[in-house]
file data.tsv (TSV, C-alpha atoms and all ligand atoms)
chain	number	residue	atom	x	y	z
A	1	MET	CA	-49.70	-28.85	-18.37
A	2	PRO	CA	-52.43	-31.47	-18.96
A	3	LEU	CA	-55.43	-30.69	-16.79
A	4	THR	CA	-57.10	-34.03	-17.39
A	5	ALA	CA	-59.27	-34.04	-14.28
A	6	LEU	CA	-61.25	-31.08	-15.53
A	7	ASN	CA	-64.64	-31.43	-17.13
A	8	TYR	CA	-65.18	-28.26	-19.18
A	9	ASP	CA	-68.59	-27.14	-20.42
A	10	ASP	CA	-69.24	-26.70	-24.14
A	11	GLN	CA	-67.54	-23.29	-24.00
A	12	GLY	CA	-64.41	-24.75	-22.44
A	13	LEU	CA	-65.10	-23.31	-19.00
A	14	VAL	CA	-65.41	-24.46	-15.43
A	15	ALA	CA	-67.01	-22.51	-12.58
A	16	VAL	CA	-64.63	-21.17	-9.92
A	17	ILE	CA	-65.49	-20.15	-6.38
A	18	ALA	CA	-62.92	-17.98	-4.61
A	19	GLN	CA	-63.01	-18.60	-0.87
A	20	ASP	CA	-60.96	-16.90	1.84
A	21	ALA	CA	-58.49	-19.54	3.02
A	22	GLU	CA	-58.63	-18.26	6.60
A	23	THR	CA	-62.11	-16.96	7.32
A	24	GLY	CA	-64.00	-19.26	4.96
A	25	GLU	CA	-65.86	-16.36	3.39
A	26	VAL	CA	-66.91	-16.88	-0.22
A	27	ARG	CA	-65.49	-13.86	-2.05
A	28	MET	CA	-66.70	-14.26	-5.62
A	29	MET	CA	-67.60	-16.69	-8.35
A	30	ALA	CA	-66.38	-16.61	-11.94
A	31	TYR	CA	-65.34	-18.90	-14.76
A	32	ALA	CA	-61.98	-20.20	-15.89
A	33	ASP	CA	-60.70	-21.87	-19.03
A	34	GLU	CA	-57.59	-24.02	-19.23
A	35	LEU	CA	-55.27	-21.05	-19.75
A	36	ALA	CA	-56.69	-19.22	-16.73
A	37	ILE	CA	-56.18	-22.27	-14.54
A	38	GLU	CA	-52.62	-22.74	-15.81
A	39	GLN	CA	-51.83	-19.09	-15.14
A	40	THR	CA	-53.32	-19.40	-11.67
A	41	LEU	CA	-51.22	-22.47	-10.84
A	42	MET	CA	-48.07	-20.92	-12.32
A	43	THR	CA	-48.30	-17.45	-10.77
A	44	GLY	CA	-50.18	-18.14	-7.53
A	45	LEU	CA	-52.58	-15.32	-8.43
A	46	ALA	CA	-56.22	-15.92	-9.36
A	47	HIS	CA	-56.93	-15.80	-13.08
A	48	PHE	CA	-60.32	-16.23	-14.69
A	49	TYR	CA	-61.88	-16.13	-18.12
A	50	SER	CA	-64.01	-13.06	-18.68
A	51	ARG	CA	-67.11	-14.12	-20.57
A	52	SER	CA	-68.05	-10.51	-21.37
A	53	ARG	CA	-64.61	-9.56	-22.72
A	54	GLN	CA	-63.90	-13.09	-23.94
A	55	LYS	CA	-60.37	-13.14	-22.66
A	56	LEU	CA	-58.04	-14.11	-19.87
A	57	TRP	CA	-58.56	-11.95	-16.83
A	58	LYS	CA	-56.13	-11.63	-13.94
A	59	LYS	CA	-58.20	-10.67	-10.91
A	60	GLY	CA	-57.08	-7.22	-9.75
A	61	GLU	CA	-55.28	-6.34	-12.99
A	62	SER	CA	-56.92	-2.90	-12.97
A	63	SER	CA	-58.07	-2.52	-9.33
A	64	GLY	CA	-54.98	-4.02	-7.67
A	65	ASN	CA	-57.33	-6.17	-5.58
A	66	THR	CA	-55.71	-9.49	-6.32
A	67	LEU	CA	-56.43	-12.90	-4.86
A	68	ARG	CA	-53.34	-14.88	-3.86
A	69	VAL	CA	-54.16	-18.55	-4.35
A	70	ARG	CA	-52.91	-21.00	-1.75
A	71	SER	CA	-54.50	-24.09	-3.21
A	72	VAL	CA	-56.98	-25.17	-5.86
A	73	TRP	CA	-59.64	-27.77	-5.20
A	74	ILE	CA	-61.73	-29.62	-7.73
A	75	ASP	CA	-65.17	-31.07	-7.15
A	76	CYS	CA	-66.30	-34.65	-7.68
A	77	ASP	CA	-67.36	-34.29	-11.31
A	78	GLY	CA	-64.58	-31.91	-12.31
A	79	ASP	CA	-66.66	-28.94	-13.44
A	80	THR	CA	-66.17	-26.60	-10.47
A	81	LEU	CA	-63.06	-25.36	-8.70
A	82	ILE	CA	-62.41	-23.63	-5.42
A	83	TYR	CA	-59.50	-21.23	-5.24
A	84	MET	CA	-58.52	-20.96	-1.56
A	85	VAL	CA	-57.26	-17.39	-1.39
A	86	ASP	CA	-55.67	-14.61	0.58
A	87	PRO	CA	-57.58	-11.56	-0.68
A	88	GLU	CA	-55.75	-8.30	-1.22
A	89	GLY	CA	-58.40	-5.63	-0.68
A	90	PRO	CA	-62.11	-5.95	-1.47
A	91	SER	CA	-63.00	-8.65	-3.97
A	92	CYS	CA	-66.12	-7.14	-5.57
A	93	HIS	CA	-65.96	-4.47	-8.26
A	94	THR	CA	-68.52	-2.50	-6.20
A	95	GLY	CA	-65.94	-2.13	-3.43
A	96	ALA	CA	-67.62	-4.70	-1.21
A	97	GLU	CA	-65.44	-7.32	0.46
A	98	THR	CA	-67.42	-10.11	-1.16
A	99	CYS	CA	-69.78	-10.18	-4.14
A	100	PHE	CA	-72.40	-11.83	-1.92
A	101	PHE	CA	-73.59	-8.84	0.08
A	102	ARG	CA	-77.26	-9.01	-0.83
A	103	ARG	CA	-79.77	-11.45	0.54
A	104	LEU	CA	-82.79	-12.87	-1.19
A	105	GLY	CA	-85.75	-12.76	1.17
A	106	ALA	CA	-88.48	-15.35	1.37
A	107	GLU	CA	-90.56	-13.34	-1.10
A	108	GLY	CA	-87.67	-13.01	-3.50
A	109	ASP	CA	-87.06	-9.44	-2.37
A	110	LEU	CA	-83.52	-8.07	-2.16
A	111	ALA	CA	-82.04	-6.82	1.08
A	112	GLU	CA	-78.65	-5.35	1.90
A	113	ALA	CA	-77.09	-7.86	4.26
A	114	GLY	CA	-75.29	-5.47	6.61
A	115	ASN	CA	-73.67	-7.51	9.38
A	116	ASP	CA	-76.06	-10.34	8.73
A	117	SER	CA	-73.95	-11.53	5.84
A	118	ALA	CA	-73.27	-14.88	4.23
A	119	ALA	CA	-69.97	-14.94	6.13
A	120	PRO	CA	-69.18	-17.85	8.45
A	121	THR	CA	-69.99	-17.41	12.12
A	122	LEU	CA	-66.67	-16.14	13.47
A	123	LEU	CA	-66.35	-13.52	10.73
A	124	ARG	CA	-69.95	-12.40	11.30
A	125	LEU	CA	-69.14	-12.12	14.98
A	126	GLU	CA	-66.03	-10.03	14.31
A	127	ARG	CA	-67.96	-7.67	12.03
A	128	THR	CA	-70.78	-7.38	14.55
A	129	LEU	CA	-68.31	-6.51	17.32
A	130	GLN	CA	-66.62	-3.93	15.10
A	131	ALA	CA	-69.99	-2.33	14.38
A	132	ARG	CA	-70.65	-2.11	18.15
A	133	LYS	CA	-67.72	0.31	18.49
A	134	ASP	CA	-70.07	3.04	17.31
A	135	SER	CA	-73.03	1.99	19.41
A	136	ASP	CA	-74.38	3.11	22.75
A	137	ALA	CA	-72.65	1.51	25.78
A	138	SER	CA	-75.93	1.51	27.72
A	139	LYS	CA	-77.41	-0.77	25.04
A	140	SER	CA	-74.38	-2.80	24.00
A	141	TYR	CA	-72.43	-5.04	26.36
A	142	THR	CA	-69.66	-5.22	23.75
A	143	LYS	CA	-69.40	-1.43	23.63
A	144	SER	CA	-69.26	-1.25	27.42
A	145	LEU	CA	-66.37	-3.76	27.42
A	146	LEU	CA	-64.53	-1.83	24.71
A	147	ASP	CA	-65.01	1.41	26.65
A	148	ALA	CA	-63.81	-0.23	29.87
A	149	GLY	CA	-60.58	-1.25	28.14
A	150	PRO	CA	-58.01	-4.04	28.25
A	151	THR	CA	-57.93	-4.53	32.03
A	152	LYS	CA	-61.66	-5.27	32.10
A	153	ILE	CA	-61.41	-7.56	29.08
A	154	ASP	CA	-58.44	-9.34	30.65
A	155	ALA	CA	-60.56	-10.01	33.75
A	156	LYS	CA	-63.47	-11.31	31.66
A	157	VAL	CA	-61.25	-13.60	29.54
A	158	ARG	CA	-59.77	-15.11	32.72
A	159	GLU	CA	-63.18	-15.48	34.35
A	160	GLU	CA	-64.68	-17.16	31.30
A	161	ALA	CA	-61.63	-19.38	30.84
A	162	ALA	CA	-61.98	-20.56	34.43
A	163	GLU	CA	-65.67	-21.33	33.83
A	164	LEU	CA	-64.76	-23.26	30.71
A	165	GLY	CA	-62.17	-25.21	32.70
A	166	LEU	CA	-64.77	-26.19	35.28
A	167	ALA	CA	-67.20	-27.20	32.53
A	168	LEU	CA	-64.50	-29.38	30.93
A	169	ILE	CA	-63.88	-31.09	34.24
A	170	GLY	CA	-67.43	-31.86	35.26
A	171	GLU	CA	-70.28	-30.35	33.26
A	172	SER	CA	-72.40	-31.31	30.27
A	173	ASP	CA	-71.32	-31.07	26.63
A	174	ASP	CA	-73.79	-28.20	26.15
A	175	ARG	CA	-72.19	-26.34	29.03
A	176	VAL	CA	-68.72	-26.92	27.58
A	177	ALA	CA	-69.83	-25.54	24.21
A	178	SER	CA	-71.57	-22.57	25.82
A	179	GLU	CA	-68.60	-21.66	28.04
A	180	ALA	CA	-66.20	-22.07	25.12
A	181	GLY	CA	-68.45	-19.65	23.21
A	182	ASP	CA	-68.14	-17.12	26.06
A	183	VAL	CA	-64.34	-17.43	25.91
A	184	ILE	CA	-64.25	-16.95	22.13
A	185	TYR	CA	-66.61	-13.96	22.34
A	186	HIS	CA	-64.49	-12.16	24.96
A	187	LEU	CA	-61.32	-13.10	23.14
A	188	LEU	CA	-62.65	-11.51	19.96
A	189	VAL	CA	-63.67	-8.37	21.86
A	190	GLY	CA	-60.04	-8.15	22.96
A	191	LEU	CA	-58.86	-8.50	19.37
A	192	VAL	CA	-61.28	-5.80	18.20
A	193	LEU	CA	-60.03	-3.52	20.98
A	194	ARG	CA	-56.45	-4.06	19.82
A	195	GLN	CA	-57.42	-3.93	16.13
A	196	VAL	CA	-55.96	-7.38	15.56
A	197	SER	CA	-58.10	-9.06	12.94
A	198	LEU	CA	-59.74	-12.45	13.17
A	199	ARG	CA	-57.84	-13.20	9.97
A	200	ASP	CA	-54.52	-12.58	11.76
A	201	LEU	CA	-55.58	-14.94	14.53
A	202	LEU	CA	-56.59	-17.64	12.05
A	203	SER	CA	-53.35	-17.15	10.08
A	204	GLN	CA	-51.42	-17.85	13.28
A	205	LEU	CA	-53.29	-21.11	13.69
A	206	SER	CA	-53.03	-22.20	10.06
A	207	SER	CA	-49.29	-21.50	9.96
A	208	ARG	CA	-48.97	-24.25	12.54
A	209	PHE	CA	-50.42	-27.01	10.35
A	210	GLY	CA	-47.72	-29.56	9.68
A	211	GLN	CA	-45.78	-28.41	12.72
A	212	SER	CA	-45.99	-30.45	15.88
A	213	GLY	CA	-47.36	-28.68	18.93
A	214	HIS	CA	-44.09	-29.33	20.75
A	215	GLU	CA	-42.11	-27.71	17.92
A	216	GLU	CA	-44.47	-24.76	17.87
A	217	LYS	CA	-44.11	-24.15	21.60
A	218	GLY	CA	-40.34	-24.52	21.31
A	219	SER	CA	-40.15	-21.92	18.53
A	220	ARG	CA	-41.78	-19.14	20.61
B	1	ZN	ZN	-68.80	-8.52	-7.33
call {"tool": "encode", "arguments": {"input": "data.tsv", "output": "structure tokens"}}
result
Amino acid sequence: MPLTALNYDDQGLVAVIAQDAETGEVRMMAYADELAIEQTLMTGLAHFYSRSRQKLWKKGESSGNTLRVRSVWIDCDGDTLIYMVDPEGPSCHTGAETCFFRRLGAEGDLAEAGNDSAAPTLLRLERTLQARKDSDASKSYTKSLLDAGPTKIDAKVREEAAELGLALIGESDDRVASEAGDVIYHLLVGLVLRQVSLRDLLSQLSSRFGQSGHEEKGSR
């Protein structure tokens, strides 16, 4: 398989970023040589080149925490790839979901990220809502909604959807964005209540790419 678009460094490697194909979270970064890329394309599982062991490395070969690769993207000058992945289990050898769980502060100091992670906004929101499950309902609106249960959340989703509808009809762009945010927030609270993950929601949406909206509605 000639991989002519690739621009290897003097050790025959390119950098690879593994990114969650649904949530957008960057899971890890490693290197790949030609063999690792070929194995990735052939098997649909992320392979890298281990610089410390100087050999081909199938991600998850010992931990079982593989990365299923949906697509591979190459940057403009050919020296960096993105594997768009479906992660199986945590991606970091420490047991963390992503390798990027520490933040460099302004002074160069290290801080554990907690919920304030490098994750994209919706994933941060989901993790924040999940953390609120263990908080005090008198201090957390999210916790009070979760405690009140599905009937209360149903009422809030409907109320916010109606407000969004009115904003769409006759209010400013800022109002539309703000009301849409309220809908998404309450919707995610409902998913957290039901333990349906944001990833499952996004998978539903992405499975519809390439399918017309009419077809999709007809298939339900
Ligand atoms: Zn790691």
call {"tool": "residues_near_ligand", "arguments": {"input": "data.tsv", "ligand": "ligand ZN 1 (chain B)", "cutoff": "10 Å", "atoms": "all atoms listed in the file", "output": "number ranges by chain"}}
result
A: 27-30, 90-101
call {"tool": "atom_distance", "arguments": {"input": "data.tsv", "atom1": "atom CA of Trp57 of chain A", "atom2": "atom CA of Ser203 of chain A"}}
result
27.9 Å
call {"tool": "closest_residue", "arguments": {"input": "data.tsv", "among": "A:Arg220, A:Leu45, A:Asp134, A:Cys76", "to": "Glu61 of chain A", "atoms": "only C-alpha atoms"}}
result
A:Leu45
call {"tool": "residues_around", "arguments": {"input": "data.tsv", "residues": "Asp20 of chain A", "least_positions_apart": "5", "cutoff": "9 Å", "atoms": "only C-alpha atoms", "output": "JSON, numbers by chain"}}
result
{"A": [25, 26, 27, 83, 84, 85, 86, 87]}
call {"tool": "atom_distance", "arguments": {"input": "data.tsv", "atom1": "atom CA of Leu13 of chain A", "atom2": "atom CA of Asp33 of chain A"}}
result
4.6 Å
call {"tool": "build_atoms", "arguments": {"input": "data.tsv", "residues": "segment 101-136 of chain A", "atoms": "N, CA and C atoms", "output": "short mmCIF file (atom, residue, chain, number, x, y, z; two decimals), in the frame of the given file"}}
result
data_model
loop_
_atom_site.label_atom_id
_atom_site.label_comp_id
_atom_site.auth_asym_id
_atom_site.auth_seq_id
_atom_site.Cartn_x
_atom_site.Cartn_y
_atom_site.Cartn_z
N PHE A 101 -73.19 -9.74 -1.01
CA PHE A 101 -73.59 -8.84 0.08
C PHE A 101 -75.08 -8.53 0.06
N ARG A 102 -75.82 -9.20 -0.82
CA ARG A 102 -77.26 -9.01 -0.83
C ARG A 102 -77.93 -10.34 -0.54
N ARG A 103 -79.05 -10.24 0.15
CA ARG A 103 -79.77 -11.45 0.54
C ARG A 103 -81.10 -11.50 -0.18
N LEU A 104 -81.47 -12.68 -0.61
CA LEU A 104 -82.79 -12.87 -1.19
C LEU A 104 -83.73 -13.27 -0.07
N GLY A 105 -84.76 -12.45 0.14
CA GLY A 105 -85.75 -12.76 1.17
C GLY A 105 -86.70 -13.86 0.72
N ALA A 106 -87.55 -14.25 1.64
CA ALA A 106 -88.48 -15.35 1.37
C ALA A 106 -89.40 -15.04 0.20
N GLU A 107 -89.68 -13.74 0.00
CA GLU A 107 -90.56 -13.34 -1.10
C GLU A 107 -89.78 -13.03 -2.37
N GLY A 108 -88.49 -13.31 -2.33
CA GLY A 108 -87.67 -13.01 -3.50
C GLY A 108 -87.18 -11.58 -3.52
N ASP A 109 -87.48 -10.83 -2.46
CA ASP A 109 -87.06 -9.44 -2.37
C ASP A 109 -85.58 -9.36 -2.02
N LEU A 110 -84.94 -8.26 -2.43
CA LEU A 110 -83.52 -8.07 -2.16
C LEU A 110 -83.33 -7.24 -0.91
N ALA A 111 -82.36 -7.62 -0.10
CA ALA A 111 -82.04 -6.82 1.08
C ALA A 111 -80.53 -6.70 1.21
N GLU A 112 -80.07 -5.52 1.57
CA GLU A 112 -78.65 -5.35 1.90
C GLU A 112 -78.39 -6.17 3.16
N ALA A 113 -77.30 -6.92 3.16
CA ALA A 113 -77.09 -7.86 4.26
C ALA A 113 -76.61 -7.17 5.53
N GLY A 114 -75.86 -6.08 5.42
CA GLY A 114 -75.29 -5.47 6.61
C GLY A 114 -74.39 -6.46 7.31
N ASN A 115 -74.49 -6.54 8.64
CA ASN A 115 -73.67 -7.51 9.38
C ASN A 115 -74.21 -8.92 9.27
N ASP A 116 -75.47 -9.02 8.87
CA ASP A 116 -76.06 -10.34 8.73
C ASP A 116 -75.71 -10.87 7.34
N SER A 117 -74.42 -11.16 7.16
CA SER A 117 -73.95 -11.53 5.84
C SER A 117 -73.84 -13.04 5.70
N ALA A 118 -73.45 -13.45 4.49
CA ALA A 118 -73.27 -14.88 4.23
C ALA A 118 -71.98 -15.41 4.86
N ALA A 119 -71.26 -14.54 5.55
CA ALA A 119 -69.97 -14.94 6.13
C ALA A 119 -70.16 -16.03 7.19
N PRO A 120 -69.14 -16.88 7.37
CA PRO A 120 -69.18 -17.85 8.45
C PRO A 120 -69.25 -17.17 9.83
N THR A 121 -69.63 -17.95 10.82
CA THR A 121 -69.99 -17.41 12.12
C THR A 121 -68.93 -16.51 12.76
N LEU A 122 -67.68 -16.95 12.77
CA LEU A 122 -66.67 -16.14 13.47
C LEU A 122 -66.46 -14.79 12.79
N LEU A 123 -66.51 -14.79 11.46
CA LEU A 123 -66.35 -13.52 10.73
C LEU A 123 -67.56 -12.61 10.96
N ARG A 124 -68.75 -13.20 10.98
CA ARG A 124 -69.95 -12.40 11.30
C ARG A 124 -69.81 -11.79 12.68
N LEU A 125 -69.31 -12.61 13.62
CA LEU A 125 -69.14 -12.12 14.98
C LEU A 125 -68.15 -10.96 15.01
N GLU A 126 -67.02 -11.12 14.33
CA GLU A 126 -66.03 -10.03 14.31
C GLU A 126 -66.64 -8.74 13.75
N ARG A 127 -67.37 -8.87 12.65
CA ARG A 127 -67.96 -7.67 12.03
C ARG A 127 -69.03 -7.05 12.93
N THR A 128 -69.77 -7.90 13.62
CA THR A 128 -70.78 -7.38 14.55
C THR A 128 -70.11 -6.61 15.68
N LEU A 129 -69.02 -7.18 16.22
CA LEU A 129 -68.31 -6.51 17.32
C LEU A 129 -67.72 -5.18 16.85
N GLN A 130 -67.18 -5.18 15.62
CA GLN A 130 -66.62 -3.93 15.10
C GLN A 130 -67.70 -2.86 14.97
N ALA A 131 -68.89 -3.29 14.54
CA ALA A 131 -69.99 -2.33 14.38
C ALA A 131 -70.43 -1.77 15.74
N ARG A 132 -70.24 -2.56 16.80
CA ARG A 132 -70.65 -2.11 18.15
C ARG A 132 -69.77 -0.97 18.67
N LYS A 133 -68.59 -0.79 18.07
CA LYS A 133 -67.72 0.31 18.49
C LYS A 133 -68.45 1.65 18.45
N ASP A 134 -69.37 1.76 17.49
CA ASP A 134 -70.07 3.04 17.31
C ASP A 134 -71.44 3.04 17.98
N SER A 135 -71.70 2.05 18.82
CA SER A 135 -73.03 1.99 19.41
C SER A 135 -73.03 2.63 20.80
N ASP A 136 -74.16 2.50 21.45
CA ASP A 136 -74.38 3.11 22.75
C ASP A 136 -74.05 2.08 23.85
#
